[in-house]
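Colleague: Structure supplied as protein34.txt; contents: compact mmCIF, C-alpha atoms.
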# COMPACT_ATOMS: atom_id res chain seq x y z
CA MET A 258 -24.76 4.38 -17.58
CA THR A 259 -25.74 0.74 -17.70
CA ARG A 260 -27.32 -1.69 -15.34
CA VAL A 261 -25.70 -4.22 -13.02
CA THR A 262 -24.96 -7.47 -14.83
CA HIS A 263 -26.37 -10.88 -13.84
CA ALA A 264 -28.32 -9.42 -10.93
CA VAL A 265 -29.29 -6.07 -9.53
CA LEU A 266 -26.80 -4.42 -7.21
CA VAL A 267 -28.68 -5.18 -4.01
CA ALA A 268 -28.95 -8.84 -4.88
CA THR A 269 -25.29 -9.22 -5.75
CA LEU A 270 -24.29 -7.76 -2.41
CA LEU A 271 -26.16 -10.61 -0.74
CA THR A 272 -24.84 -13.52 -2.78
CA VAL A 273 -23.85 -16.78 -1.10
CA PRO A 274 -20.25 -17.23 0.09
CA VAL A 275 -17.79 -18.37 -2.54
CA LEU A 276 -15.88 -21.59 -1.92
CA VAL A 277 -12.39 -20.36 -2.70
CA GLN A 278 -10.99 -17.78 -0.30
CA ARG A 279 -8.83 -15.15 -1.97
CA ALA A 280 -5.41 -14.41 -0.55
CA TYR A 281 -4.92 -10.73 0.10
CA ALA A 282 -1.37 -11.27 1.31
CA HIS A 283 0.26 -8.33 3.05
CA HIS A 284 -2.66 -5.90 2.93
CA GLY A 285 -5.29 -8.25 4.31
CA ALA A 286 -8.84 -8.15 3.02
CA GLY A 287 -9.72 -5.21 5.26
CA LEU A 288 -13.51 -4.91 5.34
CA TYR A 289 -14.04 -6.42 1.90
CA ASP A 290 -16.08 -9.61 2.20
CA VAL A 291 -14.15 -12.18 0.15
CA ARG A 292 -16.89 -14.76 0.82
CA LYS A 293 -19.29 -12.84 -1.40
CA ASN A 294 -19.15 -11.96 -5.09
CA VAL A 295 -20.34 -8.86 -6.88
CA GLU A 296 -20.57 -8.17 -10.63
CA LEU A 297 -21.09 -4.59 -11.76
CA GLU A 298 -21.28 -2.66 -15.00
CA GLY A 299 -21.19 1.08 -15.47
CA LYS A 300 -19.51 4.09 -17.04
CA LEU A 301 -15.98 5.05 -16.02
CA THR A 302 -15.73 8.45 -14.38
CA ARG A 303 -12.09 8.54 -13.25
CA VAL A 304 -9.17 6.58 -11.78
CA ASP A 305 -6.88 7.31 -8.85
CA PHE A 306 -3.67 5.64 -10.05
CA VAL A 307 -1.95 5.84 -6.65
CA ASN A 308 -0.27 3.81 -3.92
CA PRO A 309 -0.93 1.79 -1.85
CA HIS A 310 -4.05 0.92 -3.90
CA THR A 311 -5.46 2.20 -7.17
CA TYR A 312 -9.18 3.04 -7.22
CA VAL A 313 -11.46 2.89 -10.27
CA TYR A 314 -14.63 5.01 -10.17
CA PHE A 315 -17.72 4.29 -12.23
CA ASP A 316 -21.46 5.00 -12.14
CA VAL A 317 -23.92 2.10 -11.92
CA VAL A 318 -27.71 2.27 -12.45
CA GLY A 319 -29.61 -0.02 -10.11
CA ALA A 320 -32.92 -1.78 -10.78
CA ASP A 321 -34.70 1.17 -9.19
CA GLY A 322 -33.15 3.55 -11.71
CA LYS A 323 -31.00 5.29 -9.12
CA VAL A 324 -27.33 5.97 -9.83
CA LEU A 325 -24.72 4.58 -7.44
CA ALA A 326 -21.18 5.94 -7.75
CA MET A 327 -18.84 3.00 -7.16
CA LYS A 328 -15.23 3.13 -5.96
CA CYS A 329 -13.43 -0.18 -6.43
CA GLU A 330 -9.92 -1.04 -5.27
CA THR A 331 -7.15 -2.81 -7.13
CA ARG A 332 -3.35 -2.98 -6.87
CA GLY A 333 -1.10 -0.01 -6.21
CA ALA A 334 0.29 2.23 -8.95
CA THR A 335 3.86 0.95 -8.73
CA VAL A 336 3.04 -2.73 -9.16
CA LEU A 337 0.47 -1.97 -11.86
CA ARG A 338 3.04 0.09 -13.75
CA ARG A 339 5.57 -2.75 -13.44
CA SER A 340 2.92 -5.07 -14.91
CA GLY A 341 2.38 -2.86 -17.97
CA TRP A 342 -0.75 -1.02 -16.78
CA SER A 343 -1.17 2.77 -17.07
CA PRO A 344 -3.69 5.49 -16.13
CA GLU A 345 -4.36 6.04 -19.84
CA MET A 346 -6.13 2.67 -19.99
CA PHE A 347 -9.02 4.10 -17.94
CA VAL A 348 -10.82 6.40 -20.40
CA LYS A 349 -13.64 8.46 -18.95
CA GLY A 350 -17.04 7.46 -20.32
CA THR A 351 -15.98 3.94 -21.30
CA VAL A 352 -18.21 1.05 -20.21
CA ILE A 353 -16.50 -0.99 -17.51
CA LYS A 354 -17.44 -4.37 -16.07
CA VAL A 355 -16.04 -5.32 -12.66
CA ALA A 356 -16.17 -8.63 -10.84
CA GLY A 357 -14.97 -8.70 -7.26
CA HIS A 358 -16.05 -8.61 -3.64
CA PRO A 359 -18.23 -6.06 -1.82
CA HIS A 360 -17.30 -3.93 1.16
CA ARG A 361 -19.05 -5.01 4.36
CA ASP A 362 -20.03 -1.48 5.41
CA ASP A 363 -19.94 0.65 2.27
CA PRO A 364 -22.28 -0.41 -0.58
CA SER A 365 -20.43 1.91 -2.96
CA ALA A 366 -17.07 0.15 -2.51
CA CYS A 367 -15.64 -3.12 -3.76
CA THR A 368 -12.35 -4.82 -4.46
CA VAL A 369 -11.54 -5.92 -8.02
CA GLU A 370 -10.81 -9.47 -9.17
CA THR A 371 -11.36 -8.87 -12.90
CA MET A 372 -12.31 -5.88 -15.03
CA THR A 373 -13.28 -5.37 -18.65
CA ILE A 374 -12.76 -1.87 -20.04
CA GLY A 375 -14.74 -1.21 -23.20
CA ASN A 376 -14.16 -3.90 -25.84
CA LYS A 377 -10.71 -4.81 -24.52
CA PRO A 378 -9.97 -8.31 -23.17
CA THR A 379 -10.88 -8.94 -19.54
CA LEU A 380 -8.04 -8.19 -17.14
CA GLU A 381 -7.25 -10.15 -13.99
CA ARG A 382 -6.05 -8.35 -10.87
CA TYR A 383 -2.47 -9.65 -11.09
CA GLN A 384 -2.24 -9.86 -14.87
CA GLN A 385 0.97 -9.06 -16.70
CA LEU A 386 0.17 -7.19 -19.89
CA SER A 387 2.02 -7.81 -23.15
CA GLY A 388 3.34 -4.25 -22.98
CA ALA A 389 5.40 -5.09 -19.89
CA LYS A 390 8.96 -5.51 -21.13
CA SER A 391 11.71 -7.48 -19.43
CA VAL A 392 14.92 -5.68 -18.51
CA ASN A 393 17.97 -6.13 -20.74
CA ARG A 394 20.70 -6.71 -18.18
CA THR A 395 23.43 -7.62 -20.65
CA LYS A 396 24.39 -3.97 -21.22
CA ARG A 397 24.79 -3.16 -17.53
CA PRO A 398 28.48 -2.95 -16.46
CA VAL A 399 29.20 -4.97 -13.34
CA ARG A 400 31.94 -2.57 -12.18
CA LEU A 401 32.56 1.15 -12.32
CA ALA A 402 35.69 2.72 -13.78
CA ASN A 403 37.25 2.78 -10.29
CA GLY A 404 36.82 -0.99 -9.97
CA LYS A 405 34.05 -0.89 -7.38
CA PRO A 406 30.86 -2.93 -7.94
CA ASN A 407 28.27 -0.96 -9.90
CA LEU A 408 25.30 -0.54 -7.57
CA ALA A 409 23.93 2.48 -9.43
CA GLY A 410 20.54 2.27 -11.09
CA ASP A 411 16.92 1.41 -10.43
CA TRP A 412 16.17 -1.68 -8.35
CA ALA A 413 13.10 -3.70 -7.37
CA GLN A 414 12.29 -7.04 -5.83
CA GLU A 415 11.09 -9.63 -8.32
CA GLN A 416 7.39 -9.16 -8.99
CA GLN A 417 5.02 -11.16 -6.81
CA VAL A 418 1.92 -12.70 -8.41
CA LEU A 419 -0.86 -14.93 -7.10
CA ALA A 420 -0.46 -18.66 -7.48
CA THR A 421 -2.58 -21.58 -6.25
CA PRO A 422 -0.73 -24.86 -5.72
CA PRO A 423 -2.39 -28.24 -6.37
CA PRO A 424 -5.04 -29.33 -3.82
CA GLY A 425 -3.59 -30.19 -0.43
CA ARG A 426 -0.35 -28.26 -1.01
CA GLY A 427 -1.26 -24.94 0.52
CA ARG A 428 -3.41 -21.89 -0.05
CA THR A 429 -3.25 -19.27 -2.73
CA GLY A 430 -0.47 -16.77 -2.06
CA LEU A 431 1.96 -14.27 -3.52
CA VAL A 432 5.02 -15.87 -5.13
CA PRO A 433 7.92 -14.66 -7.32
CA ILE A 434 6.73 -14.45 -10.91
CA SER A 435 9.56 -16.70 -12.14
CA GLN A 436 8.36 -19.49 -9.81
CA ALA A 437 4.61 -19.10 -10.29
CA ALA A 438 4.14 -21.74 -13.00
CA ALA A 439 6.17 -24.37 -11.12
CA ILE A 440 4.26 -23.68 -7.89
CA ARG A 441 0.90 -24.00 -9.68
CA GLU A 442 2.07 -27.36 -11.09
CA GLY A 443 3.31 -28.55 -7.69
CA LYS A 444 6.94 -28.68 -8.80
CA LEU A 445 8.03 -26.10 -6.21
CA PRO A 446 6.73 -25.60 -2.67
CA MET A 447 4.82 -22.46 -1.74
CA PRO A 448 7.31 -19.98 -0.19
CA ALA A 449 6.70 -18.52 3.26
CA GLY A 450 6.21 -15.04 1.81
CA PRO A 451 8.13 -12.27 0.07
CA ALA A 452 11.46 -11.62 1.78
CA GLY A 453 11.56 -8.36 3.69
CA TRP A 454 7.77 -7.91 3.90
CA PHE A 455 7.46 -9.51 7.33
CA PRO A 456 9.85 -9.06 10.28
CA PRO A 457 11.81 -12.07 11.54
CA PRO A 458 11.14 -13.30 15.09
CA VAL A 459 12.72 -10.98 17.64
CA LYS A 460 12.64 -11.47 21.39
CA LEU A 461 11.54 -8.21 22.99
CA THR A 462 12.41 -6.66 26.33
CA ALA A 463 9.59 -5.60 28.65
CA ALA A 464 9.83 -2.08 27.24
CA GLY A 465 9.81 -3.49 23.70
CA GLN A 466 6.73 -5.57 24.39
CA ALA A 467 4.92 -2.53 25.79
CA ALA A 468 5.85 -0.57 22.66
CA ALA A 469 4.62 -3.44 20.44
CA ASP A 470 1.30 -3.49 22.31
CA ALA A 471 1.00 0.27 21.79
CA LEU A 472 1.60 -0.13 18.04
CA ARG A 473 -1.21 -2.67 17.83
CA LYS A 474 -3.60 -0.22 19.49
CA ARG A 475 -2.60 2.87 17.49
CA PRO A 476 -5.30 4.55 15.40
CA THR A 477 -5.05 4.19 11.64
CA SER A 478 -4.07 7.87 11.39
CA GLU A 479 -0.81 6.98 13.16
CA ASN A 480 -0.01 3.88 11.11
CA PRO A 481 2.61 4.96 8.53
CA ARG A 482 1.44 2.40 5.96
CA LEU A 483 -2.10 3.80 6.09
CA SER A 484 -1.13 7.47 6.07
CA CYS A 485 1.44 7.43 3.24
CA GLN A 486 4.49 7.81 5.46
CA SER A 487 7.80 5.95 5.52
CA THR A 488 7.93 2.94 7.83
CA SER A 489 11.65 2.12 7.97
CA ILE A 490 14.79 1.84 5.85
CA LEU A 491 14.40 -1.95 6.02
CA PHE A 492 10.71 -2.44 5.24
CA ASP A 493 10.25 0.17 2.50
CA TRP A 494 13.13 -1.01 0.31
CA VAL A 495 11.21 -4.06 -0.97
CA PHE A 496 7.65 -3.99 0.37
CA ASP A 497 4.83 -4.19 -2.19
CA GLY A 498 7.16 -4.24 -5.20
CA ALA A 499 8.69 -0.85 -4.51
CA ILE A 500 11.25 0.54 -6.97
CA GLY A 501 14.34 2.17 -5.49
CA ARG A 502 17.23 4.08 -7.00
CA ILE A 503 20.91 4.11 -6.09
CA THR A 504 23.21 6.91 -7.23
CA GLN A 505 26.87 6.12 -6.62
CA SER A 506 29.95 8.29 -6.22
CA ALA A 507 33.23 7.97 -4.35
CA ASN A 508 32.11 10.09 -1.39
CA VAL A 509 28.34 9.51 -1.20
CA ILE A 510 25.97 6.73 -2.16
CA LYS A 511 22.41 8.02 -2.43
CA MET A 512 19.51 5.61 -1.90
CA GLU A 513 16.02 6.78 -2.90
CA TYR A 514 12.92 4.87 -1.90
CA GLY A 515 9.62 4.87 -3.81
CA VAL A 516 7.80 6.18 -0.72
CA GLY A 517 9.86 9.39 -0.84
CA LEU A 518 12.53 8.45 1.71
CA THR A 519 16.14 9.35 0.81
CA ARG A 520 19.33 8.10 2.46
CA MET A 521 22.78 9.58 1.97
CA VAL A 522 25.48 7.03 2.79
CA GLN A 523 28.65 8.94 3.66
CA MET A 524 31.64 7.04 2.26
CA ASN A 525 34.30 9.43 3.58
CA MET A 526 33.38 9.23 7.28
CA THR A 527 34.58 6.66 9.79
CA ALA A 528 32.30 7.65 12.68
CA HIS A 529 28.85 9.16 13.15
CA PRO A 530 28.71 12.79 14.34
CA ALA A 531 27.87 13.43 17.98
CA ASN A 532 24.65 15.37 17.41
CA ILE A 533 22.39 13.66 14.85
CA LYS A 534 18.90 14.97 14.21
CA PRO A 535 16.74 11.82 14.47
CA SER A 536 14.87 10.81 11.32
CA ARG A 537 13.29 7.81 9.60
CA ALA A 538 16.39 7.50 7.41
CA GLY A 539 18.91 7.90 10.24
CA HIS A 540 22.55 8.74 9.60
CA SER A 541 24.52 6.30 7.45
CA ILE A 542 28.23 5.79 6.94
CA GLY A 543 29.60 3.24 4.48
CA ARG A 544 32.74 1.35 3.63
CA TRP A 545 33.78 -1.36 1.20
CA ASP A 546 34.63 -4.81 2.56
CA GLY A 547 36.04 -6.31 -0.62
CA ASP A 548 33.10 -6.18 -3.03
CA THR A 549 30.50 -5.79 -0.27
CA LEU A 550 29.13 -2.38 0.69
CA VAL A 551 28.75 -2.20 4.47
CA VAL A 552 26.35 0.51 5.69
CA ASP A 553 26.17 1.45 9.37
CA THR A 554 23.14 3.54 10.41
CA VAL A 555 22.05 5.17 13.69
CA GLY A 556 20.07 8.28 14.64
CA PHE A 557 16.53 7.03 14.12
CA LEU A 558 13.22 8.38 15.26
CA PRO A 559 11.36 5.76 17.34
CA GLY A 560 8.91 3.83 15.20
CA SER A 561 8.21 0.48 13.56
CA LEU A 562 10.67 -1.67 11.62
CA ALA A 563 7.76 -3.56 10.05
CA GLY A 564 4.19 -4.11 11.15
CA ASN A 565 3.93 -4.03 14.94
CA LEU A 566 7.64 -4.62 15.59
CA PRO A 567 8.81 -1.46 17.37
CA HIS A 568 12.21 0.16 17.64
CA SER A 569 13.50 2.92 19.87
CA ASP A 570 15.89 5.78 19.12
CA LYS A 571 18.73 3.41 20.12
CA LEU A 572 18.26 1.31 16.98
CA HIS A 573 21.53 0.43 15.23
CA VAL A 574 21.35 -1.15 11.77
CA VAL A 575 24.18 -2.73 9.77
CA GLU A 576 23.46 -3.68 6.15
CA ARG A 577 25.74 -5.59 3.80
CA PHE A 578 24.98 -5.12 0.07
CA THR A 579 26.51 -7.70 -2.29
CA LEU A 580 26.02 -7.77 -6.07
CA ASN A 581 26.00 -11.13 -7.86
CA PRO A 582 27.84 -10.41 -11.15
CA ALA A 583 26.15 -13.32 -12.93
CA THR A 584 22.51 -12.65 -12.02
CA LEU A 585 22.83 -8.94 -11.07
CA GLU A 586 20.89 -9.72 -7.90
CA LEU A 587 21.68 -7.18 -5.17
CA THR A 588 21.37 -8.97 -1.83
CA ARG A 589 21.16 -7.15 1.49
CA GLY A 590 22.07 -8.87 4.74
CA ILE A 591 20.67 -7.09 7.80
CA VAL A 592 21.58 -7.11 11.48
CA ALA A 593 19.76 -4.66 13.75
CA GLU A 594 20.25 -4.13 17.47
CA ASP A 595 18.17 -2.09 19.90
CA PRO A 596 19.29 -2.35 23.56
CA ASP A 597 16.03 -0.75 24.76
CA TYR A 598 13.57 -2.96 22.85
CA PHE A 599 15.40 -6.10 21.61
CA ALA A 600 16.61 -8.88 23.87
CA ASP A 601 18.40 -10.40 20.85
CA LYS A 602 19.30 -9.31 17.33
CA TYR A 603 17.06 -8.66 14.33
CA VAL A 604 18.60 -10.73 11.50
CA ASP A 605 17.11 -10.71 8.01
CA SER A 606 17.91 -10.48 4.31
CA ASP A 607 16.26 -9.43 1.06
CA SER A 608 17.28 -8.92 -2.54
CA VAL A 609 16.45 -6.81 -5.58
CA LEU A 610 17.12 -6.97 -9.31
CA PRO A 611 17.47 -4.26 -11.97
CA ALA A 612 13.97 -2.78 -12.07
CA ASP A 613 11.51 -3.55 -14.86
CA ALA A 614 10.15 0.03 -14.72
CA PRO A 615 11.85 3.36 -13.98
CA PHE A 616 12.08 4.78 -10.47
CA LYS A 617 9.24 7.12 -9.59
CA VAL A 618 7.78 8.38 -6.33
CA GLU A 619 4.12 7.61 -6.99
CA ALA A 620 1.32 9.72 -5.56
CA CYS A 621 0.01 8.12 -2.38
CA LYS A 622 -3.54 8.27 -1.02
CA GLU A 623 -5.01 5.64 1.28
CA LEU A 624 -8.60 5.55 0.06
CA ALA A 625 -10.05 2.42 1.67
CA PRO A 626 -13.36 3.46 3.29
CA GLU A 627 -12.38 2.15 6.73
CA TYR A 628 -9.15 4.17 6.76
CA GLN A 629 -10.65 7.57 6.07
CA GLN A 630 -10.17 10.13 8.84
CA THR A 631 -11.33 13.72 9.10
CA GLY A 632 -8.52 16.13 8.35
CA ARG A 633 -6.34 13.61 6.52
CA THR A 634 -4.40 14.88 3.52
Would you give me this structure, written as structure tokens?
Modeller:
Amino acid sequence: MTRVTHAVLVATLLTVPVLVQRAYAHHGAGLYDVRKNVELEGKLTRVDFVNPHTYVYFDVVGADGKVLAMKCETRGATVLRRSGWSPEMFVKGTVIKVAGHPHRDDPSACTVETMTIGNKPTLERYQQLSGAKSVNRTKRPVRLANGKPNLAGDWAQEQQVLATPPPGRGRTGLVPISQAAAIREGKLPMPAGPAGWFPPPVKLTAAGQAAADALRKRPTSENPRLSCQSTSILFDWVFDGAIGRITQSANVIKMEYGVGLTRMVQMNMTAHPANIKPSRAGHSIGRWDGDTLVVDTVGFLPGSLAGNLPHSDKLHVVERFTLNPATLELTRGIVAEDPDYFADKYVDSDSVLPADAPFKVEACKELAPEYQQTGRT
């Protein structure tokens, strides 16, 4: 075990605020103090390569000679894997240097900005490694043998990376990787945010507003995002760089989500059955409108479409999936109605491309210190 670099641990936890505020996008900074910097060095003990965040563990020796076991957070397993990272990079016993921000309440926790593992080059939080390979889309058939558009395969939204535009043109934020360079140079404006990660404005009924207020007050143990549960068929398809899989046949189109949710779109039904057991996935029937797959879904458990936007068991979702044969972008138009909670319609869209890593339901453990609850699995 080695000592803290540049300053002892206690001193680094009390450093002056930094001038540039980091953007933590969808997750928020939680209780990590992004105004303060910490630099640590120690010996790797293990890694939890999981969603929604990966945690690196290492032992640090302070100036007093005491060992402090650190647990430092970085990006989730899926997005790391898409960027060419792997659990095998984190070899037990290797010296690791971490620069990041301390936790306000837990001196043994931090969030990672950069890390150096052994004698390897220093890695930035959002770095794409040379091992990350682009997808060869030229070999993918646009249509199946029956003439229908080929929606089968693994899909993911374009990777989002951090970019800082020129001074006066906005704050640092997550942007599509193909646009990052142009945004940093000021040639493109900073986008509002990744499509599908944030719900569109919806006017709520009185009952809907009461449900939204209740969602804001719920304990973390009941928040699906913080307890490794599915949120909704809309949110989980693209959020946080998720990889999904579509398996296509004449009678059923199967949609698998990286959070473990599975939908079976029945292509040989024209109406929903009378008695549907409510679920997060609901009951879906599909039909082809030309080259567009139209999916009609009802039978939901009450919950959240995204964030604190609630829905009741009366939610009715219609999705329209259209494949662009030139770019292979699979766009989903969404219209959702809920007579109990919505005074108008939920209208949104998102899109995915052939995935740059294979579909896999990653292990999920929410390990942020502030989200730990007794009895959680």
Colleague: Using Å and a single decimal, report how far CA of Trp454 (chain A) sits from CA of Pro424 (chain A).
Modeller: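 So the two atoms, CA of Pro424 (chain A) and CA of Trp454 (chain A), lie 26.1 Å apart.
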Colleague: Within 7 Å of (-21.2, 2.2, -23.5) (coordinates as in the file), grab all the protein and nucleic acid residues, counting only C-alpha atoms, and write them out as a list of chain:residue names.
Modeller: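 Returned residue set, sorted by chain then number, is A:Lys300, A:Thr351, A:Val352.
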Colleague: Taking all atoms listed in the file into account, which of A:Gly299, A:Gly453, A:Pro567, A:Gly430 comes nearest Thr588 (chain A)?
Modeller: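 That would be A:Gly453, the residue with the smallest distance to Thr588 (chain A).
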Colleague: For Glu619 (chain A), which residue out of A:Pro448, A:Gly465, A:Pro535, A:Gly501 is the nearest one, using all atoms listed in the file?
Modeller: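 Ranked by minimum distance to Glu619 (chain A), first place goes to A:Gly501.
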Colleague: Between CA of Pro476 (chain A) and CA of Thr488 (chain A), what distance in Å does the model show, to one decimal?
Modeller: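 Between these atoms lies a distance of 15.3 Å.
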Colleague: Interatomic distance between CA of Tyr314 (chain A) and CA of Thr368 (chain A)?
Modeller: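 Calculated distance between CA of Tyr314 (chain A) and CA of Thr368 (chain A) is 11.6 Å.
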Colleague: Which polymer residues have any atom within 8 Å of an atom of Leu562 (chain A), counting only C-alpha atoms, with same-chain residues fewer than 5 positions away left out, as an NGL selection string?
Modeller: :A and (456 or 488-492 or 567-568)
Colleague: Would you kindly return, as a PyMOL selection string, each protein, DNA or RNA residue with an atom no farther than 10 Å from any atom of Glu415 (chain A), considering all atoms listed in the file and excluding same-chain residues fewer than 2 positions away?
Modeller: chain A and resi 412-413+417-418+432-435+451+495+498-499+586+608-613
Colleague: For Glu576 (chain A), list every protein, DNA or RNA residue within 6 Å, evaluated using only C-alpha atoms, and leave out those in the same chain fewer than 3 positions away; present the list as a list in words.
Modeller: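 Listed by chain and then number, they are Val551, Val552, Gly590 and Ile591 of chain A.
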Colleague: Set out as JSON lines a contact list for region 354-406 of chain A and region 324-339 of chain A with a cut-off of 10 Å, giving each residue of region 354-406 of chain A that qualifies its closest atom pair and distance in Å to one decimal, counting only C-alpha atoms, ordered by chain and rising residue number.
Modeller:
{"residue": "A:Val355", "atom": "CA", "partner": "A:Cys329", "partner_atom": "CA", "distance": 8.5}
{"residue": "A:Ala356", "atom": "CA", "partner": "A:Cys329", "partner_atom": "CA", "distance": 9.9}
{"residue": "A:Gly357", "atom": "CA", "partner": "A:Cys329", "partner_atom": "CA", "distance": 8.7}
{"residue": "A:His358", "atom": "CA", "partner": "A:Cys329", "partner_atom": "CA", "distance": 9.3}
{"residue": "A:Pro359", "atom": "CA", "partner": "A:Cys329", "partner_atom": "CA", "distance": 8.9}
{"residue": "A:His360", "atom": "CA", "partner": "A:Cys329", "partner_atom": "CA", "distance": 9.3}
{"residue": "A:Asp363", "atom": "CA", "partner": "A:Met327", "partner_atom": "CA", "distance": 9.8}
{"residue": "A:Pro364", "atom": "CA", "partner": "A:Met327", "partner_atom": "CA", "distance": 8.2}
{"residue": "A:Ser365", "atom": "CA", "partner": "A:Met327", "partner_atom": "CA", "distance": 4.6}
{"residue": "A:Ala366", "atom": "CA", "partner": "A:Lys328", "partner_atom": "CA", "distance": 4.9}
{"residue": "A:Cys367", "atom": "CA", "partner": "A:Cys329", "partner_atom": "CA", "distance": 4.5}
{"residue": "A:Thr368", "atom": "CA", "partner": "A:Glu330", "partner_atom": "CA", "distance": 4.6}
{"residue": "A:Val369", "atom": "CA", "partner": "A:Thr331", "partner_atom": "CA", "distance": 5.5}
{"residue": "A:Glu370", "atom": "CA", "partner": "A:Thr331", "partner_atom": "CA", "distance": 7.9}
{"residue": "A:Thr371", "atom": "CA", "partner": "A:Thr331", "partner_atom": "CA", "distance": 9.4}
{"residue": "A:Met372", "atom": "CA", "partner": "A:Thr331", "partner_atom": "CA", "distance": 9.9}
{"residue": "A:Arg382", "atom": "CA", "partner": "A:Thr331", "partner_atom": "CA", "distance": 6.8}
{"residue": "A:Tyr383", "atom": "CA", "partner": "A:Arg332", "partner_atom": "CA", "distance": 7.9}
{"residue": "A:Gln384", "atom": "CA", "partner": "A:Leu337", "partner_atom": "CA", "distance": 8.9}
{"residue": "A:Gln385", "atom": "CA", "partner": "A:Arg339", "partner_atom": "CA", "distance": 8.5}
{"residue": "A:Leu386", "atom": "CA", "partner": "A:Arg339", "partner_atom": "CA", "distance": 9.5}
{"residue": "A:Gly388", "atom": "CA", "partner": "A:Arg339", "partner_atom": "CA", "distance": 9.9}
{"residue": "A:Ala389", "atom": "CA", "partner": "A:Arg339", "partner_atom": "CA", "distance": 6.9}
{"residue": "A:Lys390", "atom": "CA", "partner": "A:Arg339", "partner_atom": "CA", "distance": 8.8}
{"residue": "A:Ser391", "atom": "CA", "partner": "A:Arg339", "partner_atom": "CA", "distance": 9.8}
Colleague: Determine the nearest neighbour of Leu380 (chain A) from the options A:Trp494, A:Asn393, A:Lys354, A:Val575, counting only C-alpha atoms.
Modeller: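 Selected residue with least distance to Leu380 (chain A): A:Lys354.
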Colleague: Give me, as number ranges by chain, all polymer residues having an atom no more than 6 Å from Phe578 (chain A), counting only C-alpha atoms and skipping those fewer than 3 positions away in the same chain.
Modeller: A: 549-550, 588-589
Colleague: Could you check which of A:Pro596, A:Pro457, A:Gly319, A:Gly350 is closest to Leu566 (chain A), using all atoms listed in the file?
Modeller: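 Nearest candidate to Leu566 (chain A) out of A:Pro596, A:Pro457, A:Gly319, A:Gly350: A:Pro457.
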Colleague: Select, from A:Pro615, A:Gly543, A:Pro481, A:Pro582, the residue with the minimum atom-to-atom distance to Thr395 (chain A), counting all atoms listed in the file.
Modeller: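 Checking each candidate against Thr395 (chain A), we get A:Pro582 as the closest.
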Colleague: Produce the centre coordinates and the three edge lengths, each in Å to one decimal, of the box along x, y and z that contains all listed atoms of region 424-434 of chain A with 5 Å added on each side, as JSON.
Modeller:
{"center_x": 1.4, "center_y": -22.2, "center_z": -5.2, "size_x": 23.0, "size_y": 25.9, "size_z": 21.4}
Colleague: Given the choices A:Pro422, A:Phe496, A:Ala614, A:Arg537, which gets closest to Ala439 (chain A) if the distance is worked out from all atoms listed in the file?
Modeller: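 Nearest to Ala439 (chain A): A:Pro422.
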Colleague: Could you give me, as a ChimeraX atom specification, the residues that sit within 12 Å of (-8.8, 11.7, -18.5) in the file's coordinates, counting all atoms listed in the file?
Modeller: /A:301-306,343-351
